[in-house]
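What follows is protein-v8.cif (mmCIF, N, CA and C atoms).
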```
data_entry
#
loop_
_atom_site.label_atom_id
_atom_site.label_comp_id
_atom_site.auth_asym_id
_atom_site.auth_seq_id
_atom_site.Cartn_x
_atom_site.Cartn_y
_atom_site.Cartn_z
N MET A 1 -30.85 6.75 79.81
CA MET A 1 -29.54 6.15 79.81
C MET A 1 -28.52 7.25 79.54
N VAL A 2 -27.54 7.31 80.37
CA VAL A 2 -26.54 8.36 80.29
C VAL A 2 -25.24 7.73 79.80
N PHE A 3 -24.64 8.37 78.79
CA PHE A 3 -23.36 7.90 78.25
C PHE A 3 -22.25 8.78 78.78
N SER A 4 -21.24 8.13 79.22
CA SER A 4 -20.08 8.91 79.63
C SER A 4 -19.09 8.95 78.48
N ALA A 5 -18.14 9.81 78.58
CA ALA A 5 -17.11 9.91 77.54
C ALA A 5 -16.32 8.62 77.45
N LYS A 6 -16.10 7.99 78.58
CA LYS A 6 -15.34 6.74 78.61
C LYS A 6 -16.09 5.64 77.87
N THR A 7 -17.41 5.53 78.07
CA THR A 7 -18.23 4.53 77.40
C THR A 7 -18.26 4.80 75.90
N PHE A 8 -18.36 6.06 75.56
CA PHE A 8 -18.38 6.42 74.13
C PHE A 8 -17.09 6.02 73.43
N VAL A 9 -15.96 6.28 74.05
CA VAL A 9 -14.66 5.95 73.46
C VAL A 9 -14.53 4.45 73.31
N ARG A 10 -14.96 3.68 74.32
CA ARG A 10 -14.88 2.21 74.24
C ARG A 10 -15.73 1.68 73.09
N ARG A 11 -16.95 2.18 72.98
CA ARG A 11 -17.83 1.69 71.91
C ARG A 11 -17.31 2.12 70.53
N ALA A 12 -16.79 3.30 70.42
CA ALA A 12 -16.24 3.77 69.14
C ALA A 12 -15.01 2.95 68.76
N THR A 13 -14.18 2.62 69.73
CA THR A 13 -12.99 1.81 69.47
C THR A 13 -13.40 0.40 69.06
N ALA A 14 -14.38 -0.17 69.74
CA ALA A 14 -14.86 -1.51 69.41
C ALA A 14 -15.45 -1.53 67.99
N ALA A 15 -16.23 -0.51 67.66
CA ALA A 15 -16.83 -0.44 66.32
C ALA A 15 -15.75 -0.28 65.25
N SER A 16 -14.73 0.50 65.54
CA SER A 16 -13.64 0.69 64.58
C SER A 16 -12.87 -0.61 64.37
N LEU A 17 -12.59 -1.31 65.47
CA LEU A 17 -11.87 -2.59 65.35
C LEU A 17 -12.70 -3.62 64.59
N LEU A 18 -13.99 -3.68 64.86
CA LEU A 18 -14.87 -4.61 64.15
C LEU A 18 -14.91 -4.28 62.66
N SER A 19 -15.01 -3.01 62.33
CA SER A 19 -15.01 -2.59 60.92
C SER A 19 -13.70 -2.94 60.24
N LEU A 20 -12.60 -2.74 60.93
CA LEU A 20 -11.29 -3.04 60.38
C LEU A 20 -11.13 -4.54 60.14
N MET A 21 -11.62 -5.37 61.09
CA MET A 21 -11.53 -6.83 60.93
C MET A 21 -12.38 -7.30 59.76
N LEU A 22 -13.58 -6.77 59.62
CA LEU A 22 -14.45 -7.18 58.52
C LEU A 22 -13.90 -6.72 57.17
N ALA A 23 -13.27 -5.58 57.13
CA ALA A 23 -12.72 -5.06 55.87
C ALA A 23 -11.53 -5.89 55.41
N SER A 24 -10.83 -6.52 56.33
CA SER A 24 -9.64 -7.29 55.94
C SER A 24 -9.96 -8.75 55.65
N CYS A 25 -11.22 -9.14 55.74
CA CYS A 25 -11.61 -10.53 55.45
C CYS A 25 -11.60 -10.76 53.95
N VAL A 26 -11.20 -11.96 53.57
CA VAL A 26 -11.18 -12.35 52.16
C VAL A 26 -12.05 -13.59 52.02
N VAL A 27 -12.93 -13.58 51.06
CA VAL A 27 -13.77 -14.74 50.80
C VAL A 27 -13.11 -15.56 49.72
N VAL A 28 -12.89 -16.83 50.01
CA VAL A 28 -12.29 -17.75 49.04
C VAL A 28 -13.37 -18.71 48.61
N GLU A 29 -13.59 -18.78 47.32
CA GLU A 29 -14.61 -19.66 46.79
C GLU A 29 -13.95 -20.85 46.12
N GLU A 30 -14.28 -22.03 46.59
CA GLU A 30 -13.76 -23.24 45.97
C GLU A 30 -14.58 -23.48 44.71
N GLY A 31 -13.91 -23.66 43.61
CA GLY A 31 -14.62 -23.89 42.37
C GLY A 31 -13.68 -24.39 41.31
N PRO A 32 -14.19 -24.55 40.12
CA PRO A 32 -13.36 -25.11 39.05
C PRO A 32 -12.25 -24.17 38.60
N GLY A 33 -12.31 -22.91 38.97
CA GLY A 33 -11.28 -21.97 38.53
C GLY A 33 -11.59 -21.45 37.14
N PRO A 34 -10.70 -20.63 36.64
CA PRO A 34 -10.96 -20.08 35.30
C PRO A 34 -10.87 -21.18 34.24
N GLY A 35 -11.77 -21.11 33.31
CA GLY A 35 -11.79 -22.10 32.24
C GLY A 35 -10.75 -21.78 31.19
N PRO A 36 -10.65 -22.64 30.20
CA PRO A 36 -9.68 -22.37 29.13
C PRO A 36 -10.11 -21.14 28.33
N ARG A 37 -9.12 -20.49 27.76
CA ARG A 37 -9.42 -19.30 26.95
C ARG A 37 -10.16 -19.73 25.69
N PRO A 38 -11.03 -18.87 25.21
CA PRO A 38 -11.72 -19.20 23.96
C PRO A 38 -10.71 -19.22 22.81
N PRO A 39 -10.97 -20.04 21.80
CA PRO A 39 -10.02 -20.11 20.68
C PRO A 39 -9.98 -18.79 19.93
N ARG A 40 -8.82 -18.51 19.35
CA ARG A 40 -8.69 -17.29 18.55
C ARG A 40 -9.52 -17.44 17.28
N PRO A 41 -10.11 -16.35 16.83
CA PRO A 41 -10.90 -16.44 15.60
C PRO A 41 -9.99 -16.71 14.40
N GLU A 42 -10.54 -17.40 13.43
CA GLU A 42 -9.80 -17.67 12.20
C GLU A 42 -9.54 -16.35 11.49
N PRO A 43 -8.37 -16.21 10.88
CA PRO A 43 -8.12 -14.96 10.16
C PRO A 43 -9.09 -14.80 9.00
N GLY A 44 -9.56 -13.59 8.83
CA GLY A 44 -10.49 -13.32 7.74
C GLY A 44 -9.75 -13.10 6.43
N PRO A 45 -10.47 -12.71 5.41
CA PRO A 45 -9.80 -12.48 4.12
C PRO A 45 -8.80 -11.34 4.24
N GLN A 46 -7.71 -11.49 3.53
CA GLN A 46 -6.67 -10.47 3.57
C GLN A 46 -6.72 -9.68 2.27
N PHE A 47 -6.70 -8.36 2.37
CA PHE A 47 -6.74 -7.51 1.20
C PHE A 47 -5.36 -6.92 0.97
N CYS A 48 -4.86 -7.09 -0.23
CA CYS A 48 -3.51 -6.64 -0.57
C CYS A 48 -3.57 -5.56 -1.65
N THR A 49 -2.56 -4.70 -1.65
CA THR A 49 -2.46 -3.69 -2.69
C THR A 49 -2.04 -4.36 -3.99
N ARG A 50 -2.17 -3.65 -5.08
CA ARG A 50 -1.78 -4.18 -6.39
C ARG A 50 -0.38 -3.72 -6.76
N GLU A 51 0.38 -3.30 -5.78
CA GLU A 51 1.76 -2.87 -6.01
C GLU A 51 2.56 -4.02 -6.61
N TYR A 52 3.30 -3.74 -7.67
CA TYR A 52 4.10 -4.78 -8.31
C TYR A 52 5.51 -4.74 -7.76
N ASP A 53 5.79 -5.68 -6.88
CA ASP A 53 7.11 -5.86 -6.28
C ASP A 53 7.27 -7.37 -6.16
N PRO A 54 7.57 -8.06 -7.29
CA PRO A 54 7.48 -9.52 -7.34
C PRO A 54 8.36 -10.24 -6.32
N VAL A 55 7.82 -11.36 -5.83
CA VAL A 55 8.55 -12.22 -4.91
C VAL A 55 8.36 -13.67 -5.34
N CYS A 56 9.34 -14.48 -5.01
CA CYS A 56 9.25 -15.92 -5.23
C CYS A 56 8.88 -16.54 -3.89
N ALA A 57 7.84 -17.35 -3.88
CA ALA A 57 7.36 -17.93 -2.62
C ALA A 57 7.17 -19.43 -2.78
N ARG A 58 7.17 -20.12 -1.63
CA ARG A 58 7.05 -21.57 -1.65
C ARG A 58 6.03 -22.03 -0.62
N ARG A 59 5.29 -23.07 -1.00
CA ARG A 59 4.40 -23.80 -0.08
C ARG A 59 4.63 -25.27 -0.38
N GLY A 60 5.27 -25.96 0.54
CA GLY A 60 5.65 -27.35 0.28
C GLY A 60 6.68 -27.37 -0.82
N ASN A 61 6.44 -28.16 -1.87
CA ASN A 61 7.36 -28.23 -3.01
C ASN A 61 6.95 -27.29 -4.13
N ASP A 62 5.86 -26.56 -3.95
CA ASP A 62 5.34 -25.67 -5.00
C ASP A 62 5.95 -24.28 -4.86
N ARG A 63 6.62 -23.82 -5.91
CA ARG A 63 7.15 -22.45 -5.95
C ARG A 63 6.32 -21.65 -6.92
N GLN A 64 6.09 -20.39 -6.56
CA GLN A 64 5.26 -19.54 -7.42
C GLN A 64 5.68 -18.09 -7.27
N THR A 65 5.59 -17.33 -8.36
CA THR A 65 5.86 -15.90 -8.33
C THR A 65 4.56 -15.16 -8.02
N PHE A 66 4.64 -14.21 -7.08
CA PHE A 66 3.49 -13.39 -6.71
C PHE A 66 3.82 -11.93 -6.97
N GLY A 67 2.80 -11.11 -7.19
CA GLY A 67 2.99 -9.69 -7.45
C GLY A 67 3.65 -8.96 -6.30
N ASN A 68 3.39 -9.40 -5.06
CA ASN A 68 4.06 -8.82 -3.88
C ASN A 68 3.94 -9.79 -2.71
N SER A 69 4.63 -9.50 -1.62
CA SER A 69 4.68 -10.43 -0.50
C SER A 69 3.33 -10.59 0.19
N CYS A 70 2.50 -9.55 0.19
CA CYS A 70 1.17 -9.66 0.80
C CYS A 70 0.34 -10.72 0.09
N MET A 71 0.41 -10.74 -1.23
CA MET A 71 -0.35 -11.73 -2.00
C MET A 71 0.14 -13.14 -1.72
N ALA A 72 1.44 -13.29 -1.55
CA ALA A 72 2.00 -14.61 -1.23
C ALA A 72 1.50 -15.06 0.14
N ASP A 73 1.54 -14.18 1.12
CA ASP A 73 1.05 -14.51 2.46
C ASP A 73 -0.43 -14.88 2.43
N ALA A 74 -1.23 -14.11 1.69
CA ALA A 74 -2.67 -14.36 1.63
C ALA A 74 -2.97 -15.72 1.01
N ALA A 75 -2.11 -16.19 0.12
CA ALA A 75 -2.32 -17.49 -0.52
C ALA A 75 -1.71 -18.63 0.29
N GLY A 76 -1.09 -18.31 1.44
CA GLY A 76 -0.51 -19.35 2.28
C GLY A 76 0.89 -19.75 1.89
N TYR A 77 1.58 -18.91 1.14
CA TYR A 77 2.96 -19.20 0.71
C TYR A 77 3.94 -18.43 1.59
N ARG A 78 5.17 -18.93 1.67
CA ARG A 78 6.24 -18.27 2.41
C ARG A 78 7.23 -17.70 1.41
N VAL A 79 7.52 -16.40 1.51
CA VAL A 79 8.44 -15.74 0.58
C VAL A 79 9.85 -16.28 0.82
N ILE A 80 10.50 -16.71 -0.29
CA ILE A 80 11.87 -17.22 -0.16
C ILE A 80 12.89 -16.25 -0.75
N ARG A 81 12.45 -15.37 -1.65
CA ARG A 81 13.37 -14.35 -2.16
C ARG A 81 12.60 -13.31 -2.95
N ARG A 82 13.23 -12.14 -3.12
CA ARG A 82 12.65 -11.07 -3.94
C ARG A 82 12.85 -11.42 -5.41
N GLY A 83 11.96 -10.93 -6.25
CA GLY A 83 12.06 -11.18 -7.68
C GLY A 83 11.28 -12.43 -8.08
N GLU A 84 11.23 -12.65 -9.38
CA GLU A 84 10.49 -13.78 -9.92
C GLU A 84 11.22 -15.09 -9.64
N CYS A 85 10.45 -16.17 -9.58
CA CYS A 85 11.05 -17.50 -9.42
C CYS A 85 11.75 -17.86 -10.72
N ARG A 86 12.90 -18.50 -10.61
CA ARG A 86 13.64 -18.95 -11.80
C ARG A 86 13.58 -20.45 -11.88
N GLY A 87 13.30 -20.97 -13.07
CA GLY A 87 13.27 -22.42 -13.27
C GLY A 87 12.25 -23.08 -12.37
N GLY A 88 11.44 -23.96 -12.87
CA GLY A 88 10.41 -24.62 -12.07
C GLY A 88 9.32 -23.63 -11.71
N GLY A 89 8.48 -23.97 -10.80
CA GLY A 89 7.39 -23.08 -10.39
C GLY A 89 6.48 -22.79 -11.55
N ASP A 90 6.01 -21.56 -11.63
CA ASP A 90 5.07 -21.21 -12.70
C ASP A 90 5.76 -20.54 -13.88
N GLY A 91 7.07 -20.48 -13.87
CA GLY A 91 7.78 -19.89 -14.99
C GLY A 91 7.94 -18.40 -14.88
N GLY A 92 7.52 -17.80 -13.78
CA GLY A 92 7.73 -16.36 -13.60
C GLY A 92 6.50 -15.56 -13.92
N TRP A 93 6.64 -14.26 -13.78
CA TRP A 93 5.54 -13.33 -13.97
C TRP A 93 5.11 -13.30 -15.42
N ASN A 94 3.85 -13.60 -15.67
CA ASN A 94 3.27 -13.63 -17.01
C ASN A 94 4.09 -14.46 -17.98
N GLY A 95 4.84 -15.39 -17.46
CA GLY A 95 5.58 -16.30 -18.33
C GLY A 95 5.07 -17.69 -18.09
N GLY A 96 5.32 -18.60 -19.00
CA GLY A 96 4.91 -19.97 -18.81
C GLY A 96 3.41 -20.14 -18.74
N GLY A 97 2.67 -19.16 -19.19
CA GLY A 97 1.22 -19.28 -19.24
C GLY A 97 0.52 -18.91 -17.95
N GLY A 98 1.24 -18.60 -16.87
CA GLY A 98 0.58 -18.26 -15.61
C GLY A 98 0.61 -16.77 -15.38
N ASN A 99 -0.21 -16.34 -14.45
CA ASN A 99 -0.18 -14.92 -14.13
C ASN A 99 0.62 -14.68 -12.87
N GLY A 100 1.34 -15.68 -12.42
CA GLY A 100 2.23 -15.50 -11.30
C GLY A 100 1.53 -15.21 -9.99
N GLY A 101 0.28 -15.60 -9.85
CA GLY A 101 -0.42 -15.37 -8.60
C GLY A 101 -0.90 -13.94 -8.44
N TRP A 102 -0.89 -13.15 -9.50
CA TRP A 102 -1.27 -11.74 -9.42
C TRP A 102 -2.68 -11.56 -8.91
N ASN A 103 -3.58 -12.49 -9.20
CA ASN A 103 -4.94 -12.34 -8.71
C ASN A 103 -5.17 -13.16 -7.45
N GLY A 104 -4.11 -13.38 -6.67
CA GLY A 104 -4.27 -14.04 -5.39
C GLY A 104 -4.15 -15.54 -5.48
N GLY A 105 -3.79 -16.09 -6.61
CA GLY A 105 -3.55 -17.51 -6.73
C GLY A 105 -4.77 -18.32 -7.10
N GLY A 106 -5.94 -17.73 -7.21
CA GLY A 106 -7.12 -18.49 -7.56
C GLY A 106 -7.77 -17.91 -8.79
N GLY A 107 -8.34 -18.74 -9.63
CA GLY A 107 -8.93 -18.27 -10.87
C GLY A 107 -10.18 -17.45 -10.67
N GLY A 108 -10.96 -17.71 -9.57
CA GLY A 108 -12.23 -17.04 -9.42
C GLY A 108 -12.17 -15.81 -8.53
N ASN A 109 -11.02 -15.40 -8.09
CA ASN A 109 -10.92 -14.25 -7.19
C ASN A 109 -11.14 -12.95 -7.96
N GLN A 110 -11.85 -12.02 -7.33
CA GLN A 110 -12.07 -10.71 -7.92
C GLN A 110 -10.80 -9.89 -7.78
N GLN A 111 -10.46 -9.15 -8.83
CA GLN A 111 -9.28 -8.29 -8.79
C GLN A 111 -9.69 -6.85 -8.53
N PHE A 112 -8.87 -6.15 -7.80
CA PHE A 112 -9.07 -4.73 -7.54
C PHE A 112 -7.88 -3.98 -8.12
N CYS A 113 -8.13 -3.12 -9.09
CA CYS A 113 -7.06 -2.38 -9.75
C CYS A 113 -7.10 -0.91 -9.35
N THR A 114 -5.94 -0.29 -9.35
CA THR A 114 -5.86 1.15 -9.07
C THR A 114 -6.35 1.92 -10.30
N ARG A 115 -6.55 3.21 -10.14
CA ARG A 115 -6.99 4.06 -11.25
C ARG A 115 -5.80 4.70 -11.96
N GLU A 116 -4.64 4.15 -11.75
CA GLU A 116 -3.40 4.66 -12.37
C GLU A 116 -3.54 4.62 -13.90
N TYR A 117 -3.10 5.69 -14.56
CA TYR A 117 -3.17 5.72 -16.02
C TYR A 117 -1.77 5.53 -16.59
N ARG A 118 -1.50 4.33 -17.03
CA ARG A 118 -0.28 3.95 -17.74
C ARG A 118 -0.71 3.00 -18.84
N PRO A 119 -1.13 3.52 -19.97
CA PRO A 119 -1.75 2.68 -20.99
C PRO A 119 -0.84 1.56 -21.48
N VAL A 120 -1.48 0.43 -21.73
CA VAL A 120 -0.78 -0.74 -22.27
C VAL A 120 -1.62 -1.34 -23.39
N CYS A 121 -0.95 -2.08 -24.25
CA CYS A 121 -1.63 -2.79 -25.32
C CYS A 121 -1.74 -4.25 -24.89
N GLY A 122 -2.96 -4.77 -24.85
CA GLY A 122 -3.18 -6.16 -24.45
C GLY A 122 -3.66 -7.00 -25.61
N GLN A 123 -3.33 -8.29 -25.54
CA GLN A 123 -3.73 -9.21 -26.61
C GLN A 123 -4.39 -10.43 -25.99
N ARG A 124 -5.50 -10.85 -26.63
CA ARG A 124 -6.17 -12.10 -26.29
C ARG A 124 -6.57 -12.73 -27.60
N GLY A 125 -5.96 -13.87 -27.89
CA GLY A 125 -6.17 -14.49 -29.19
C GLY A 125 -5.64 -13.56 -30.27
N GLY A 126 -6.45 -13.23 -31.26
CA GLY A 126 -6.03 -12.31 -32.31
C GLY A 126 -6.48 -10.89 -32.05
N SER A 127 -7.08 -10.63 -30.90
CA SER A 127 -7.63 -9.32 -30.59
C SER A 127 -6.63 -8.46 -29.81
N LEU A 128 -6.42 -7.21 -30.27
CA LEU A 128 -5.59 -6.23 -29.56
C LEU A 128 -6.49 -5.15 -28.99
N ARG A 129 -6.17 -4.68 -27.78
CA ARG A 129 -7.00 -3.66 -27.15
C ARG A 129 -6.15 -2.82 -26.20
N THR A 130 -6.42 -1.51 -26.13
CA THR A 130 -5.70 -0.61 -25.23
C THR A 130 -6.42 -0.56 -23.89
N PHE A 131 -5.64 -0.66 -22.81
CA PHE A 131 -6.17 -0.60 -21.44
C PHE A 131 -5.48 0.53 -20.69
N PRO A 132 -6.13 1.09 -19.67
CA PRO A 132 -5.51 2.18 -18.91
C PRO A 132 -4.27 1.75 -18.12
N ASN A 133 -4.19 0.46 -17.75
CA ASN A 133 -3.01 -0.04 -17.06
C ASN A 133 -2.96 -1.57 -17.17
N ALA A 134 -1.84 -2.14 -16.76
CA ALA A 134 -1.63 -3.59 -16.90
C ALA A 134 -2.61 -4.39 -16.05
N CYS A 135 -2.98 -3.87 -14.90
CA CYS A 135 -3.92 -4.58 -14.04
C CYS A 135 -5.27 -4.75 -14.73
N GLU A 136 -5.75 -3.68 -15.36
CA GLU A 136 -7.03 -3.75 -16.07
C GLU A 136 -6.97 -4.76 -17.22
N ALA A 137 -5.84 -4.79 -17.92
CA ALA A 137 -5.68 -5.76 -19.01
C ALA A 137 -5.71 -7.18 -18.46
N ASP A 138 -4.98 -7.42 -17.38
CA ASP A 138 -4.94 -8.74 -16.77
C ASP A 138 -6.32 -9.16 -16.28
N SER A 139 -7.06 -8.22 -15.68
CA SER A 139 -8.40 -8.51 -15.18
C SER A 139 -9.35 -8.92 -16.29
N ALA A 140 -9.14 -8.36 -17.48
CA ALA A 140 -10.00 -8.68 -18.62
C ALA A 140 -9.53 -9.94 -19.35
N GLY A 141 -8.45 -10.55 -18.87
CA GLY A 141 -7.96 -11.78 -19.51
C GLY A 141 -7.04 -11.52 -20.69
N PHE A 142 -6.48 -10.32 -20.79
CA PHE A 142 -5.57 -9.98 -21.87
C PHE A 142 -4.13 -10.05 -21.37
N ARG A 143 -3.22 -10.38 -22.28
CA ARG A 143 -1.79 -10.41 -21.97
C ARG A 143 -1.18 -9.12 -22.50
N VAL A 144 -0.40 -8.43 -21.66
CA VAL A 144 0.23 -7.18 -22.08
C VAL A 144 1.33 -7.50 -23.08
N VAL A 145 1.24 -6.87 -24.28
CA VAL A 145 2.25 -7.11 -25.31
C VAL A 145 3.12 -5.89 -25.55
N ASP A 146 2.66 -4.70 -25.10
CA ASP A 146 3.46 -3.50 -25.32
C ASP A 146 2.98 -2.39 -24.39
N ASN A 147 3.89 -1.50 -24.01
CA ASN A 147 3.52 -0.31 -23.25
C ASN A 147 2.96 0.72 -24.20
N GLY A 148 1.98 1.49 -23.76
CA GLY A 148 1.36 2.49 -24.61
C GLY A 148 0.15 1.92 -25.33
N ALA A 149 -0.52 2.80 -26.06
CA ALA A 149 -1.71 2.39 -26.80
C ALA A 149 -1.34 1.47 -27.95
N CYS A 150 -2.29 0.64 -28.36
CA CYS A 150 -2.07 -0.29 -29.48
C CYS A 150 -1.98 0.47 -30.80
#
```
Mind turning the file's structure into structure tokens?
Amino acid sequence: MVFSAKTFVRRATAASLLSLMLASCVVVEEGPGPGPRPPRPEPGPQFCTREYDPVCARRGNDRQTFGNSCMADAAGYRVIRRGECRGGGDGGWNGGGGNGGWNGGGGGNQQFCTREYRPVCGQRGGSLRTFPNACEADSAGFRVVDNGAC
């Protein structure tokens, strides 16, 4: 079988056109379409610094003083102003018998204190004890009564 140049050009053109037509085809699949997005994961525990920058926060009708805005957010409260809450609420930072949410608002939460050395004198009942900082005293259940060693 002998191929002429004319036959070769025709077959090459036909093959090129067929390739071009097949390349431009789009397959459409009828189906349910994309499903709903998976739900977002629940936020995990939030870790806050022990920086003391008090804020007054509210959740519903409950107002409470927190050590900082991160702690208020972690407890589900909305910050309404800087500084301790006045009147109502928990009575302010270490006032009115509360710790102002310093340990995250729950009695059983573990506290994480910095290694900062600013000694304080703490009191629990009739017992006085020196702590390296106010956070350590609070963690041990002592109320700070004075700056410096006892």
Suppose a student applies the PyMOL selection byres ((chain A and resi 115-130) around 7) to this structure; what residues should they get, written as a ChimeraX atom specification? /A:113-114,131-134,137,141-150
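Coordinates place atom C of Asn61 (chain A) at a distance of 12.9 Å from atom N of Cys85 (chain A).
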I'd like the interatomic distance between CA of Phe47 (chain A) and CA of Phe112 (chain A), to a tenth of an Å.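 Computed distance, CA of Phe47 (chain A) to CA of Phe112 (chain A), equals 9.5 Å.
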Selected region 118-140 of chain A, written as a PDB file, in the first residue's frame, N, CA and C atoms:
```
ATOM      1  N   ARG A 118       7.852  37.708  93.196  1.00  0.00           N
ATOM      2  CA  ARG A 118       7.345  38.911  93.864  1.00  0.00           C
ATOM      3  C   ARG A 118       6.691  38.429  95.142  1.00  0.00           C
ATOM      4  N   PRO A 119       7.458  38.239  96.193  1.00  0.00           N
ATOM      5  CA  PRO A 119       6.932  37.591  97.393  1.00  0.00           C
ATOM      6  C   PRO A 119       5.739  38.324  97.995  1.00  0.00           C
ATOM      7  N   VAL A 120       4.814  37.516  98.498  1.00  0.00           N
ATOM      8  CA  VAL A 120       3.626  38.036  99.179  1.00  0.00           C
ATOM      9  C   VAL A 120       3.401  37.228 100.442  1.00  0.00           C
ATOM     10  N   CYS A 121       2.683  37.840 101.366  1.00  0.00           N
ATOM     11  CA  CYS A 121       2.300  37.159 102.598  1.00  0.00           C
ATOM     12  C   CYS A 121       0.845  36.734 102.445  1.00  0.00           C
ATOM     13  N   GLY A 122       0.582  35.442 102.590  1.00  0.00           N
ATOM     14  CA  GLY A 122      -0.772  34.920 102.456  1.00  0.00           C
ATOM     15  C   GLY A 122      -1.309  34.426 103.785  1.00  0.00           C
ATOM     16  N   GLN A 123      -2.627  34.496 103.917  1.00  0.00           N
ATOM     17  CA  GLN A 123      -3.270  34.056 105.157  1.00  0.00           C
ATOM     18  C   GLN A 123      -4.413  33.115 104.820  1.00  0.00           C
ATOM     19  N   ARG A 124      -4.484  32.018 105.607  1.00  0.00           N
ATOM     20  CA  ARG A 124      -5.617  31.093 105.539  1.00  0.00           C
ATOM     21  C   ARG A 124      -5.936  30.731 106.975  1.00  0.00           C
ATOM     22  N   GLY A 125      -7.117  31.146 107.405  1.00  0.00           N
ATOM     23  CA  GLY A 125      -7.461  30.965 108.813  1.00  0.00           C
ATOM     24  C   GLY A 125      -6.503  31.772 109.661  1.00  0.00           C
ATOM     25  N   GLY A 126      -5.869  31.159 110.640  1.00  0.00           N
ATOM     26  CA  GLY A 126      -4.896  31.854 111.477  1.00  0.00           C
ATOM     27  C   GLY A 126      -3.471  31.656 111.001  1.00  0.00           C
ATOM     28  N   SER A 127      -3.280  30.994 109.876  1.00  0.00           N
ATOM     29  CA  SER A 127      -1.950  30.665 109.382  1.00  0.00           C
ATOM     30  C   SER A 127      -1.446  31.713 108.389  1.00  0.00           C
ATOM     31  N   LEU A 128      -0.208  32.207 108.598  1.00  0.00           N
ATOM     32  CA  LEU A 128       0.450  33.122 107.666  1.00  0.00           C
ATOM     33  C   LEU A 128       1.592  32.380 106.990  1.00  0.00           C
ATOM     34  N   ARG A 129       1.791  32.647 105.691  1.00  0.00           N
ATOM     35  CA  ARG A 129       2.843  31.955 104.955  1.00  0.00           C
ATOM     36  C   ARG A 129       3.336  32.845 103.816  1.00  0.00           C
ATOM     37  N   THR A 130       4.642  32.815 103.538  1.00  0.00           N
ATOM     38  CA  THR A 130       5.222  33.586 102.440  1.00  0.00           C
ATOM     39  C   THR A 130       5.205  32.743 101.166  1.00  0.00           C
ATOM     40  N   PHE A 131       4.777  33.370 100.065  1.00  0.00           N
ATOM     41  CA  PHE A 131       4.728  32.716  98.750  1.00  0.00           C
ATOM     42  C   PHE A 131       5.563  33.521  97.763  1.00  0.00           C
ATOM     43  N   PRO A 132       6.075  32.872  96.712  1.00  0.00           N
ATOM     44  CA  PRO A 132       6.883  33.598  95.729  1.00  0.00           C
ATOM     45  C   PRO A 132       6.088  34.640  94.938  1.00  0.00           C
ATOM     46  N   ASN A 133       4.771  34.434  94.791  1.00  0.00           N
ATOM     47  CA  ASN A 133       3.931  35.422  94.108  1.00  0.00           C
ATOM     48  C   ASN A 133       2.466  35.193  94.484  1.00  0.00           C
ATOM     49  N   ALA A 134       1.620  36.132  94.099  1.00  0.00           N
ATOM     50  CA  ALA A 134       0.203  36.082  94.471  1.00  0.00           C
ATOM     51  C   ALA A 134      -0.508  34.886  93.855  1.00  0.00           C
ATOM     52  N   CYS A 135      -0.116  34.493  92.664  1.00  0.00           N
ATOM     53  CA  CYS A 135      -0.748  33.346  92.017  1.00  0.00           C
ATOM     54  C   CYS A 135      -0.526  32.072  92.830  1.00  0.00           C
ATOM     55  N   GLU A 136       0.705  31.872  93.298  1.00  0.00           N
ATOM     56  CA  GLU A 136       1.012  30.690  94.107  1.00  0.00           C
ATOM     57  C   GLU A 136       0.202  30.691  95.404  1.00  0.00           C
ATOM     58  N   ALA A 137       0.056  31.859  96.015  1.00  0.00           N
ATOM     59  CA  ALA A 137      -0.740  31.960  97.244  1.00  0.00           C
ATOM     60  C   ALA A 137      -2.191  31.605  96.958  1.00  0.00           C
ATOM     61  N   ASP A 138      -2.741  32.151  95.884  1.00  0.00           N
ATOM     62  CA  ASP A 138      -4.127  31.878  95.511  1.00  0.00           C
ATOM     63  C   ASP A 138      -4.323  30.397  95.207  1.00  0.00           C
ATOM     64  N   SER A 139      -3.359  29.788  94.515  1.00  0.00           N
ATOM     65  CA  SER A 139      -3.451  28.364  94.174  1.00  0.00           C
ATOM     66  C   SER A 139      -3.481  27.486  95.417  1.00  0.00           C
ATOM     67  N   ALA A 140      -2.785  27.921  96.467  1.00  0.00           N
ATOM     68  CA  ALA A 140      -2.746  27.150  97.708  1.00  0.00           C
ATOM     69  C   ALA A 140      -3.939  27.452  98.611  1.00  0.00           C
TER      70      ALA A 140
END
```
